[in-house]
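Okay, protein-v2.txt is below, compact mmCIF, C-alpha atoms:
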```
# COMPACT_ATOMS: atom_id res chain seq x y z
CA MET A 486 76.08 73.53 29.77
CA ARG A 487 72.94 75.34 28.56
CA GLY A 488 70.28 75.85 31.17
CA GLY A 489 66.99 77.53 31.65
CA HIS A 490 68.27 80.09 34.16
CA ARG A 491 67.84 83.73 33.27
CA LEU A 492 70.88 85.93 33.78
CA GLY A 493 71.21 86.91 37.43
CA ARG A 494 68.24 84.75 38.52
CA SER A 495 69.92 81.34 39.03
CA PRO A 496 69.50 79.78 42.48
CA ARG A 497 72.35 80.15 44.96
CA PRO A 498 73.82 76.70 45.65
CA ARG A 499 75.00 75.61 49.07
CA LEU A 500 78.56 74.36 49.01
CA GLY A 501 78.78 73.07 52.56
CA ARG A 502 80.45 73.98 55.82
CA GLY A 503 83.92 72.93 54.67
CA PHE A 504 83.89 75.28 51.71
CA GLY A 505 82.47 78.04 53.89
CA TRP A 506 85.50 77.91 56.18
CA LEU A 507 87.88 77.70 53.20
CA TRP A 508 86.20 80.74 51.63
CA ALA A 509 86.43 82.69 54.90
CA ALA A 510 90.11 81.78 55.23
CA TYR A 511 90.77 82.99 51.69
CA GLY A 512 88.95 86.27 52.29
CA THR A 513 90.86 86.92 55.51
CA SER A 514 94.30 86.38 53.99
CA ALA A 515 93.38 88.35 50.84
CA LEU A 516 92.28 91.31 52.94
CA GLY A 517 95.52 91.15 54.94
CA THR A 518 97.56 91.13 51.73
CA TRP A 519 95.81 94.24 50.40
CA LEU A 520 96.09 96.02 53.76
CA ALA A 521 99.86 95.64 53.46
CA PHE A 522 99.95 96.49 49.74
CA GLY A 523 103.15 98.45 49.04
CA ALA A 524 104.33 98.15 52.65
CA PHE A 525 107.63 96.44 51.76
CA GLU A 526 108.53 99.22 49.33
CA LEU A 527 107.63 101.90 51.88
CA ILE A 528 109.73 100.22 54.58
CA ALA A 529 112.66 99.93 52.16
CA VAL A 530 112.45 103.61 51.21
CA ARG A 531 111.56 105.21 54.56
CA ALA A 532 113.27 102.97 57.09
CA LEU A 533 116.21 101.61 55.09
CA HIS A 534 116.70 104.54 52.65
CA ALA A 535 116.78 102.20 49.65
CA GLY A 536 117.17 103.60 46.14
CA PRO A 537 115.13 102.88 42.99
CA ALA A 538 117.30 99.91 41.96
CA GLU A 539 116.88 98.23 45.35
CA VAL A 540 113.11 98.80 45.38
CA ALA A 541 112.82 97.34 41.86
CA ALA A 542 114.91 94.35 42.94
CA LEU A 543 112.64 93.82 45.94
CA ALA A 544 109.63 93.51 43.62
CA ALA A 545 111.21 91.49 40.79
CA VAL A 546 113.91 89.36 42.41
CA GLY A 547 111.73 88.27 45.32
CA ALA A 548 109.03 86.96 42.99
CA ALA A 549 111.48 85.34 40.55
CA VAL A 550 113.59 83.59 43.21
CA GLY A 551 110.45 82.58 45.10
CA ALA A 552 109.13 80.97 41.91
CA ALA A 553 112.39 79.06 41.47
CA VAL A 554 112.29 77.87 45.09
CA ALA A 555 108.71 76.66 44.58
CA VAL A 556 109.56 74.41 41.60
CA PRO A 557 110.27 71.24 43.64
CA LEU A 558 107.37 71.93 46.00
CA GLY A 559 104.66 71.12 43.42
CA PRO A 560 105.63 67.43 43.09
CA TRP A 561 106.17 67.29 46.86
CA VAL A 562 102.65 68.59 47.56
CA GLU A 563 101.04 66.17 45.10
CA PHE A 564 101.72 63.14 47.29
CA ARG A 565 100.65 64.66 50.61
CA ARG A 566 97.32 65.52 52.16
CA LYS A 567 96.54 69.06 51.08
CA ARG A 568 94.89 70.52 54.21
CA PRO A 569 98.02 70.19 56.40
CA VAL A 570 100.08 71.72 53.57
CA LEU A 571 97.71 74.70 53.38
CA ILE A 572 97.93 75.24 57.13
CA ALA A 573 101.73 74.92 57.04
CA MET A 574 102.09 77.47 54.21
CA ASP A 575 99.89 79.95 56.09
CA LEU A 576 102.02 79.52 59.21
CA VAL A 577 105.25 79.88 57.20
CA ARG A 578 104.01 83.17 55.73
CA CYS A 579 102.89 84.36 59.14
CA ALA A 580 106.23 83.55 60.78
CA ALA A 581 108.27 85.09 57.94
CA LEU A 582 106.30 88.34 57.99
CA LEU A 583 106.46 88.64 61.79
CA THR A 584 110.26 88.74 61.61
CA ILE A 585 109.99 92.20 60.03
CA PRO A 586 108.24 94.06 62.88
CA ALA A 587 110.38 92.11 65.35
CA ALA A 588 113.60 93.17 63.63
CA PHE A 589 112.34 96.73 63.19
CA ALA A 590 111.53 97.00 66.91
CA ALA A 591 114.99 95.68 67.75
CA GLY A 592 116.64 98.11 65.31
CA VAL A 593 118.28 95.35 63.25
CA LEU A 594 116.08 95.30 60.13
CA THR A 595 118.08 95.11 56.86
CA PHE A 596 117.26 95.17 53.15
CA LEU A 597 118.54 91.60 52.84
CA GLN A 598 115.95 90.47 55.38
CA LEU A 599 113.18 92.16 53.38
CA LEU A 600 114.40 90.39 50.26
CA LEU A 601 114.58 86.98 51.97
CA VAL A 602 111.10 87.38 53.44
CA SER A 603 109.70 88.30 50.01
CA VAL A 604 111.27 85.12 48.57
CA VAL A 605 109.81 82.91 51.33
CA VAL A 606 106.35 84.49 50.99
CA ALA A 607 106.41 84.14 47.18
CA ALA A 608 107.38 80.44 47.36
CA ALA A 609 104.74 79.77 50.03
CA ASP A 610 102.12 81.60 47.93
CA ILE A 611 102.74 79.35 44.93
CA THR A 612 102.70 76.21 47.07
CA PHE A 613 99.49 77.32 48.78
CA ARG A 614 97.76 77.95 45.44
CA ALA A 615 98.75 74.52 44.16
CA ALA A 616 97.53 72.76 47.30
CA SER A 617 94.32 74.80 47.53
CA GLY A 618 93.25 73.90 44.00
CA ALA A 619 93.84 70.22 44.68
CA TYR A 620 92.02 70.47 48.02
CA LEU A 621 89.05 72.26 46.45
CA LYS A 622 88.70 69.47 43.89
CA THR A 623 88.38 66.91 46.71
CA LEU A 624 85.99 69.12 48.64
CA LEU A 625 83.43 69.79 45.89
CA PRO A 626 82.00 67.93 42.89
CA ALA A 627 82.92 69.18 39.41
CA GLU A 628 79.60 70.95 38.85
CA ASP A 629 80.24 73.25 41.85
CA LEU A 630 83.77 74.32 40.90
CA LEU A 631 82.61 77.31 38.84
CA VAL A 632 80.44 78.61 41.68
CA ALA A 633 83.31 78.21 44.15
CA ASN A 634 85.83 79.97 41.91
CA ALA A 635 83.34 82.77 41.19
CA ARG A 636 83.00 83.34 44.95
CA PHE A 637 86.78 83.44 45.34
CA GLU A 638 86.98 85.91 42.44
CA SER A 639 84.27 88.13 43.96
CA THR A 640 86.10 88.10 47.28
CA ALA A 641 89.41 88.95 45.59
CA TRP A 642 87.96 92.04 43.94
CA THR A 643 86.07 93.08 47.07
CA THR A 644 89.27 93.02 49.12
CA THR A 645 91.01 94.91 46.29
CA ILE A 646 88.44 97.69 46.66
CA VAL A 647 88.43 97.78 50.47
CA GLY A 648 91.99 96.81 51.41
CA PRO A 649 94.25 99.53 49.92
CA PRO A 650 92.26 102.49 51.34
CA LEU A 651 92.19 100.87 54.79
CA GLY A 652 95.85 99.95 54.46
CA GLY A 653 96.72 103.49 53.40
CA ALA A 654 94.93 104.88 56.44
CA ALA A 655 96.68 102.36 58.71
CA ILE A 656 100.07 103.21 57.20
CA GLY A 657 99.39 106.90 57.78
CA LEU A 658 98.42 106.31 61.42
CA LEU A 659 100.68 103.44 62.46
CA GLY A 660 103.32 103.08 59.75
CA PRO A 661 103.97 100.32 57.17
CA VAL A 662 105.46 97.89 59.70
CA ALA A 663 102.08 97.68 61.47
CA THR A 664 100.34 96.65 58.24
CA VAL A 665 102.90 93.89 57.72
CA ALA A 666 102.05 92.62 61.22
CA ALA A 667 98.33 92.74 60.29
CA ASP A 668 99.08 90.73 57.15
CA ALA A 669 100.91 88.14 59.26
CA VAL A 670 97.92 87.85 61.63
CA SER A 671 95.62 87.36 58.61
CA TYR A 672 97.61 84.26 57.65
CA LEU A 673 97.31 82.93 61.19
CA LEU A 674 93.52 83.40 61.03
CA SER A 675 93.49 81.74 57.60
CA ALA A 676 95.29 78.71 59.03
CA LEU A 677 92.69 78.47 61.80
CA GLY A 678 89.90 78.70 59.24
CA ILE A 679 91.37 75.93 57.10
CA ARG A 680 91.79 73.76 60.17
CA ALA A 681 88.08 74.33 60.93
CA THR A 682 87.05 72.86 57.55
CA GLY A 683 87.29 69.46 59.24
CA GLY A 684 86.04 66.37 57.49
CA HIS A 685 87.99 63.52 55.93
CA GLU A 686 90.36 64.30 53.10
CA PRO A 687 90.89 61.44 50.62
CA PRO A 688 94.42 60.00 50.73
CA PRO A 689 96.83 61.34 48.09
CA ALA A 690 97.83 59.29 45.08
CA PRO A 691 100.67 56.86 45.89
CA ARG A 692 104.09 57.80 44.58
CA LYS A 693 105.44 55.33 42.01
CA ALA A 694 109.07 55.91 42.93
CA GLN A 695 110.48 56.04 46.43
CA ARG A 696 112.50 59.19 45.82
CA MET A 697 111.78 62.28 43.74
CA ARG A 698 113.98 62.42 40.65
CA ALA A 699 115.13 65.52 38.79
CA ARG A 700 112.79 64.77 35.87
CA ASP A 701 109.83 64.71 38.28
CA LEU A 702 110.22 68.48 38.73
CA LEU A 703 108.93 68.95 35.17
CA ASP A 704 105.83 66.73 35.52
CA GLY A 705 103.47 69.69 35.77
CA TRP A 706 104.79 71.31 32.60
CA ARG A 707 104.75 68.00 30.71
CA TYR A 708 101.11 67.44 31.67
CA ILE A 709 100.09 70.95 30.58
CA LEU A 710 101.93 70.82 27.25
CA ALA A 711 100.51 67.39 26.39
CA ASP A 712 96.89 68.56 26.77
CA ALA A 713 95.35 70.30 23.75
CA THR A 714 93.10 72.45 25.97
CA LEU A 715 95.44 73.33 28.83
CA ARG A 716 98.37 74.17 26.53
CA PRO A 717 96.86 77.23 24.80
CA LEU A 718 95.29 78.46 28.05
CA PHE A 719 98.69 78.17 29.73
CA PHE A 720 100.44 80.35 27.14
CA ASN A 721 97.50 82.74 26.93
CA THR A 722 97.34 83.47 30.65
CA ALA A 723 101.13 83.68 31.10
CA LEU A 724 101.51 86.14 28.21
CA PHE A 725 98.42 88.20 29.02
CA ASN A 726 99.20 88.56 32.73
CA GLY A 727 102.86 89.29 32.06
CA LEU A 728 102.20 92.02 29.49
CA VAL A 729 99.47 93.71 31.54
CA MET A 730 101.61 93.74 34.67
CA ALA A 731 104.75 94.82 32.78
CA ALA A 732 103.01 98.04 31.72
CA GLN A 733 101.95 99.02 35.25
CA PRO A 734 105.26 100.56 36.44
CA LEU A 735 105.48 102.57 33.21
CA LEU A 736 101.92 103.75 33.66
CA ALA A 737 102.82 104.94 37.17
CA VAL A 738 105.81 106.84 35.78
CA LEU A 739 103.65 108.43 33.07
CA MET A 740 100.75 109.38 35.35
CA LEU A 741 102.68 110.51 38.42
CA GLY A 742 105.51 112.13 36.45
CA ARG A 743 104.88 113.68 33.06
CA LEU A 744 101.09 113.99 33.31
CA GLY A 745 101.09 115.35 36.86
CA PHE A 746 98.42 113.19 38.47
CA THR A 747 98.41 113.18 42.28
CA PRO A 748 98.87 109.94 44.26
CA TRP A 749 95.21 109.92 45.31
CA GLN A 750 94.11 110.25 41.68
CA TYR A 751 96.44 107.40 40.71
CA GLY A 752 95.03 105.21 43.49
CA LEU A 753 91.44 106.09 42.56
CA ALA A 754 92.08 105.23 38.90
CA PHE A 755 92.74 101.60 39.83
CA ALA A 756 90.69 101.09 43.00
CA ALA A 757 87.29 102.30 41.76
CA PRO A 758 87.23 100.14 38.58
CA SER A 759 87.72 97.02 40.72
CA ILE A 760 83.94 97.02 41.15
CA GLY A 761 83.92 95.67 37.59
CA GLY A 762 85.69 92.52 38.76
CA LEU A 763 83.04 91.96 41.41
CA LEU A 764 80.24 92.37 38.85
CA GLY A 765 81.99 90.12 36.33
CA ALA A 766 82.48 87.35 38.87
CA ARG A 767 78.79 87.54 39.84
CA LEU A 768 77.78 87.13 36.19
CA ALA A 769 80.15 84.27 35.35
CA ARG A 770 77.87 81.42 36.43
CA PRO A 771 74.65 82.78 34.85
CA LEU A 772 76.54 83.40 31.60
CA VAL A 773 77.92 79.86 31.56
CA SER A 774 74.45 78.46 32.32
CA ARG A 775 73.06 80.27 29.29
CA PHE A 776 75.87 80.17 26.73
CA GLY A 777 78.16 77.35 27.81
CA SER A 778 81.61 77.33 29.37
CA HIS A 779 83.65 77.37 26.16
CA ARG A 780 81.80 80.32 24.60
CA VAL A 781 82.08 82.41 27.76
CA LEU A 782 85.76 81.53 28.17
CA VAL A 783 86.64 82.54 24.61
CA ALA A 784 84.39 85.63 24.47
CA SER A 785 85.65 87.07 27.77
CA GLY A 786 89.23 86.13 26.84
CA VAL A 787 88.93 88.07 23.57
CA LEU A 788 87.18 91.06 25.14
CA ARG A 789 89.70 91.48 27.95
CA ALA A 790 92.49 91.78 25.35
CA LEU A 791 90.89 94.82 23.67
CA TRP A 792 91.30 97.26 26.57
CA PRO A 793 95.01 97.70 27.53
CA VAL A 794 96.06 99.39 24.25
CA GLY A 795 93.76 102.29 25.18
CA LEU A 796 96.18 103.35 27.92
CA ALA A 797 98.64 104.55 25.26
CA PHE A 798 96.26 107.45 24.53
CA LEU A 799 96.28 108.71 28.11
CA GLY A 800 96.35 112.49 28.51
CA PRO A 801 96.42 114.92 31.44
CA GLY A 802 93.52 116.24 33.50
CA SER A 803 90.09 114.83 34.25
CA GLY A 804 89.74 113.43 30.73
CA GLY A 805 92.86 111.32 31.19
CA LEU A 806 91.70 110.13 34.59
CA LEU A 807 88.33 109.09 33.14
CA LEU A 808 90.10 107.29 30.29
CA VAL A 809 92.20 105.22 32.70
CA MET A 810 89.18 104.40 34.84
CA GLY A 811 87.12 103.42 31.79
CA VAL A 812 89.86 101.19 30.38
CA GLU A 813 90.50 99.56 33.76
CA LEU A 814 86.77 99.06 34.38
CA GLY A 815 86.33 97.26 31.05
CA LEU A 816 89.49 95.20 31.52
CA ILE A 817 88.69 94.19 35.09
CA PHE A 818 85.05 93.35 34.29
CA CYS A 819 86.14 90.98 31.50
CA CYS A 820 88.79 89.45 33.77
CA GLY A 821 86.15 89.02 36.48
CA VAL A 822 84.13 86.87 34.06
CA PHE A 823 87.12 85.05 32.55
CA ASN A 824 89.05 84.14 35.70
CA PRO A 825 86.53 81.89 37.52
CA VAL A 826 85.49 80.17 34.27
CA TYR A 827 89.11 79.51 33.38
CA ALA A 828 90.02 78.37 36.92
CA ALA A 829 87.09 75.94 37.07
CA HIS A 830 87.82 74.67 33.55
CA ARG A 831 91.46 74.11 34.45
CA LEU A 832 90.52 72.10 37.54
CA GLU A 833 87.94 70.04 35.65
CA ARG A 834 90.46 69.36 32.89
CA THR A 835 93.28 68.26 35.22
CA ALA A 836 93.35 64.71 36.57
CA THR A 837 92.99 64.55 40.35
CA ASP A 838 96.46 63.06 40.86
CA ARG A 839 98.08 65.86 38.82
CA VAL A 840 96.39 68.99 40.19
CA ALA A 841 99.10 70.17 42.59
CA ARG A 842 101.91 69.71 40.08
CA THR A 843 99.93 71.38 37.30
CA LEU A 844 98.88 74.41 39.37
CA SER A 845 102.39 74.79 40.76
CA ALA A 846 103.92 74.78 37.27
CA TRP A 847 101.29 77.28 36.14
CA ALA A 848 101.95 79.67 39.03
CA VAL A 849 105.73 79.40 38.72
CA THR A 850 105.55 80.21 35.00
CA THR A 851 103.18 83.13 35.54
CA LYS A 852 105.36 84.71 38.23
CA ALA A 853 108.59 84.15 36.28
CA SER A 854 107.19 85.46 32.99
CA THR A 855 105.76 88.53 34.74
CA ALA A 856 109.12 89.28 36.35
CA LEU A 857 110.94 88.83 33.03
CA LEU A 858 108.51 90.95 31.00
CA THR A 859 108.50 93.66 33.67
CA ALA A 860 112.29 93.87 33.43
CA VAL A 861 112.19 93.93 29.60
CA TRP A 862 109.53 96.64 29.54
CA GLY A 863 111.54 98.69 32.00
CA VAL A 864 114.34 98.76 29.43
CA LEU A 865 111.89 99.47 26.59
CA GLY A 866 110.39 102.30 28.61
CA SER A 867 113.81 103.88 28.95
CA VAL A 868 114.55 103.52 25.23
CA LEU A 869 111.16 104.23 23.64
CA GLY A 870 109.51 106.26 26.39
CA PRO A 871 106.72 105.10 28.73
CA ARG A 872 103.83 105.85 26.35
CA ALA A 873 105.32 103.96 23.40
CA ALA A 874 106.22 100.97 25.61
CA ILE A 875 102.69 100.89 27.07
CA GLY A 876 101.26 100.99 23.54
CA LEU A 877 103.55 98.14 22.44
CA ALA A 878 102.43 96.00 25.38
CA GLY A 879 98.79 96.74 24.53
CA ALA A 880 99.33 95.83 20.88
CA LEU A 881 100.88 92.50 21.85
CA VAL A 882 98.00 91.82 24.25
CA LEU A 883 95.67 92.10 21.22
CA ALA A 884 97.30 88.93 19.86
CA THR A 885 96.75 86.82 23.00
CA PRO A 886 93.24 85.60 21.97
CA LEU A 887 94.97 83.58 19.24
CA LEU A 888 96.20 81.34 22.08
CA LEU A 889 92.72 80.56 23.43
CA PRO A 890 91.27 77.04 22.85
CA ARG A 891 89.39 77.04 19.54
CA ARG A 892 86.96 74.25 20.32
CA PRO A 893 85.39 72.71 23.45
CA ALA A 894 87.59 70.22 25.25
CA ALA A 895 87.04 66.52 24.77
CA ALA A 896 86.11 64.60 27.91
CA LEU A 897 88.95 63.25 30.01
CA PRO A 898 89.21 59.46 30.20
CA ALA A 899 87.48 58.13 33.27
CA ALA A 900 89.77 57.43 36.23
CA PRO A 901 88.91 56.01 39.62
CA GLU A 902 89.02 58.60 42.39
CA ALA A 903 87.56 59.21 45.80
CA ALA A 904 84.10 60.71 45.87
CA PRO A 905 84.02 64.43 46.72
CA HIS A 906 83.34 65.04 50.37
CA ARG A 907 81.00 67.73 51.63
CA ALA A 908 81.75 68.88 55.15
```
Could you express the structure from this file as structure tokens?
Amino acid sequence: MRGGHRLGRSPRPRLGRGFGWLWAAYGTSALGTWLAFGAFELIAVRALHAGPAEVAALAAVGAAVGAAVAVPLGPWVEFRRKRPVLIAMDLVRCAALLTIPAAFAAGVLTFLQLLLVSVVVAAADITFRAASGAYLKTLLPAEDLLVANARFESTAWTTTIVGPPLGGAAIGLLGPVATVAADAVSYLLSALGIRATGGHEPPPAPRKAQRMRARDLLDGWRYILADATLRPLFFNTALFNGLVMAAQPLLAVLMLGRLGFTPWQYGLAFAAPSIGGLLGARLARPLVSRFGSHRVLVASGVLRALWPVGLAFLGPGSGGLLLVMGVELGLIFCCGVFNPVYAAHRLERTATDRVARTLSAWAVTTKASTALLTAVWGVLGSVLGPRAAIGLAGALVLATPLLLPRRPAAALPAAPEAAPHRA
């Protein structure tokens, strides 16, 4: 994995027309998601007069139930062509979201409908991620997977920077229901983009049994836990993501409540540092070319764990705001390097006929663990106070590097598969 490229000077590879359309589709739907960021909660509070418990349930229960619904979809996706599944999941999300402005216009919108839509969207998200990883592996050769994932990561952070301010302006002018409609349209455009990728997709692996059995639902987890490289990465990412996200509601309570930060300061504290994710994603490939995939994976995985504990020392005023922005910038930069390297490594490490099941199991576990840890830290925040609970989460994050792979992965045994197709 060592190369002669200098950092930032490596040539820009061409990944083909098919990937270009897939990348555009991803960017469109990601922008739509960030435009509508927080819209469900605003609709629940302003239009349906929901209380704190209902708003919390909307965030946690929707994700948890959606993850449970998605469990059987991973094995189902594995034995089907992935491009039609991607298009179908985009259309499902579009149709589900459009029911909200339709019901609002008719005056029949209810909290239950918001909850059901959040479940459908969460399940479709997980299924889409599983199918997209499997589709990407058929679209590109292994040596291009890092570049592709780095471009996805760059796009994700770019839309994170641009989307919320635009969405906030749209909500102020048109209301949150309009941003939900915009999010729905983004999924429709994504489906059209995926359809435009064209080309011939290799046939899926044949199913050994005629019917799916109950034990087949656990195939993805069995595959992950049996692999000496995927297993530690699986626990590392689930624990790291869950602990970082569990501290976010408490940080909002601390900043917007006791420390007296204004909403625009709170938004700035997390939007501006997202530029670090963009920079990190741009550096991922040059770093891997120079130092090797395993070293970059471990180094960035260790470095990203050092930052969250700093939030426990947050104080009021401009000094506190700068502290949050500095911590978030460092954290997001390290994640920007880690995420594409880890995503490419995971795809390379997973056999072609197991990708959908593996990615589905990974996403289900991540969503479920995040929901569980968020609920636990909500209780801890009430008992210990927000600052102490944030510090505890940060201290536990410091231990997550122990779950990173300690040595480079051995090569997978060779298996016959269709040659990657470039559109």
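Between Leu753 (chain A) and the residues A:Leu576, A:Leu582, A:Met810, A:Leu507, the shortest atom-to-atom distance, using only C-alpha atoms, involves A:Met810.
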Protein, DNA and RNA residues within 7 Å of (108.3, 97.6, 25.0), only C-alpha atoms, as JSON, numbers by chain: {"A": [862, 865, 866, 874, 875, 877, 878]}
Closest to Ser639 (chain A) among A:Gly786, A:Gly762, A:Gly501, A:Pro886, using all atoms listed in the file? A:Gly762
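CA of Ala797 (chain A) sits 5.5 Å away from CA of Arg872 (chain A).
One distance worth recording is that between CA of Ser675 (chain A) and CA of Val550 (chain A), which is 24.8 Å.
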Exercise: Gly876 (chain A) partners within 12 Å, all atoms listed in the file, chain neighbours under 3 positions left out, as JSON, numbers by chain: {"A": [728, 729, 731, 732, 733, 735, 736, 792, 793, 794, 795, 796, 797, 798, 799, 862, 865, 866, 869, 870, 871, 872, 873, 879, 880, 881, 882, 883]}
Report as a ChimeraX atom specification all protein, DNA and RNA residues lying within 12 Å of region 629-631 of chain A, evaluated on all atoms listed in the file, omitting residues in the same chain fewer than 6 positions from it. /A:486,497-501,504,618-623,637-638,766-774,777-778,782,822-834,905,907
Limited to C-alpha atoms, could you put the picked residues into a file as a short mmCIF file (atom, residue, chain, number, x, y, z; two decimals), in the frame of the given file?
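Writing done, so here's selection.cif:
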```cif
data_model
loop_
_atom_site.label_atom_id
_atom_site.label_comp_id
_atom_site.auth_asym_id
_atom_site.auth_seq_id
_atom_site.Cartn_x
_atom_site.Cartn_y
_atom_site.Cartn_z
CA MET A 486 76.08 73.53 29.77
CA ARG A 497 72.35 80.15 44.96
CA PRO A 498 73.82 76.70 45.65
CA ARG A 499 75.00 75.61 49.07
CA LEU A 500 78.56 74.36 49.01
CA GLY A 501 78.78 73.07 52.56
CA PHE A 504 83.89 75.28 51.71
CA GLY A 618 93.25 73.90 44.00
CA ALA A 619 93.84 70.22 44.68
CA TYR A 620 92.02 70.47 48.02
CA LEU A 621 89.05 72.26 46.45
CA LYS A 622 88.70 69.47 43.89
CA THR A 623 88.38 66.91 46.71
CA PHE A 637 86.78 83.44 45.34
CA GLU A 638 86.98 85.91 42.44
CA ALA A 766 82.48 87.35 38.87
CA ARG A 767 78.79 87.54 39.84
CA LEU A 768 77.78 87.13 36.19
CA ALA A 769 80.15 84.27 35.35
CA ARG A 770 77.87 81.42 36.43
CA PRO A 771 74.65 82.78 34.85
CA LEU A 772 76.54 83.40 31.60
CA VAL A 773 77.92 79.86 31.56
CA SER A 774 74.45 78.46 32.32
CA GLY A 777 78.16 77.35 27.81
CA SER A 778 81.61 77.33 29.37
CA LEU A 782 85.76 81.53 28.17
CA VAL A 822 84.13 86.87 34.06
CA PHE A 823 87.12 85.05 32.55
CA ASN A 824 89.05 84.14 35.70
CA PRO A 825 86.53 81.89 37.52
CA VAL A 826 85.49 80.17 34.27
CA TYR A 827 89.11 79.51 33.38
CA ALA A 828 90.02 78.37 36.92
CA ALA A 829 87.09 75.94 37.07
CA HIS A 830 87.82 74.67 33.55
CA ARG A 831 91.46 74.11 34.45
CA LEU A 832 90.52 72.10 37.54
CA GLU A 833 87.94 70.04 35.65
CA ARG A 834 90.46 69.36 32.89
CA PRO A 905 84.02 64.43 46.72
CA ARG A 907 81.00 67.73 51.63
#
```
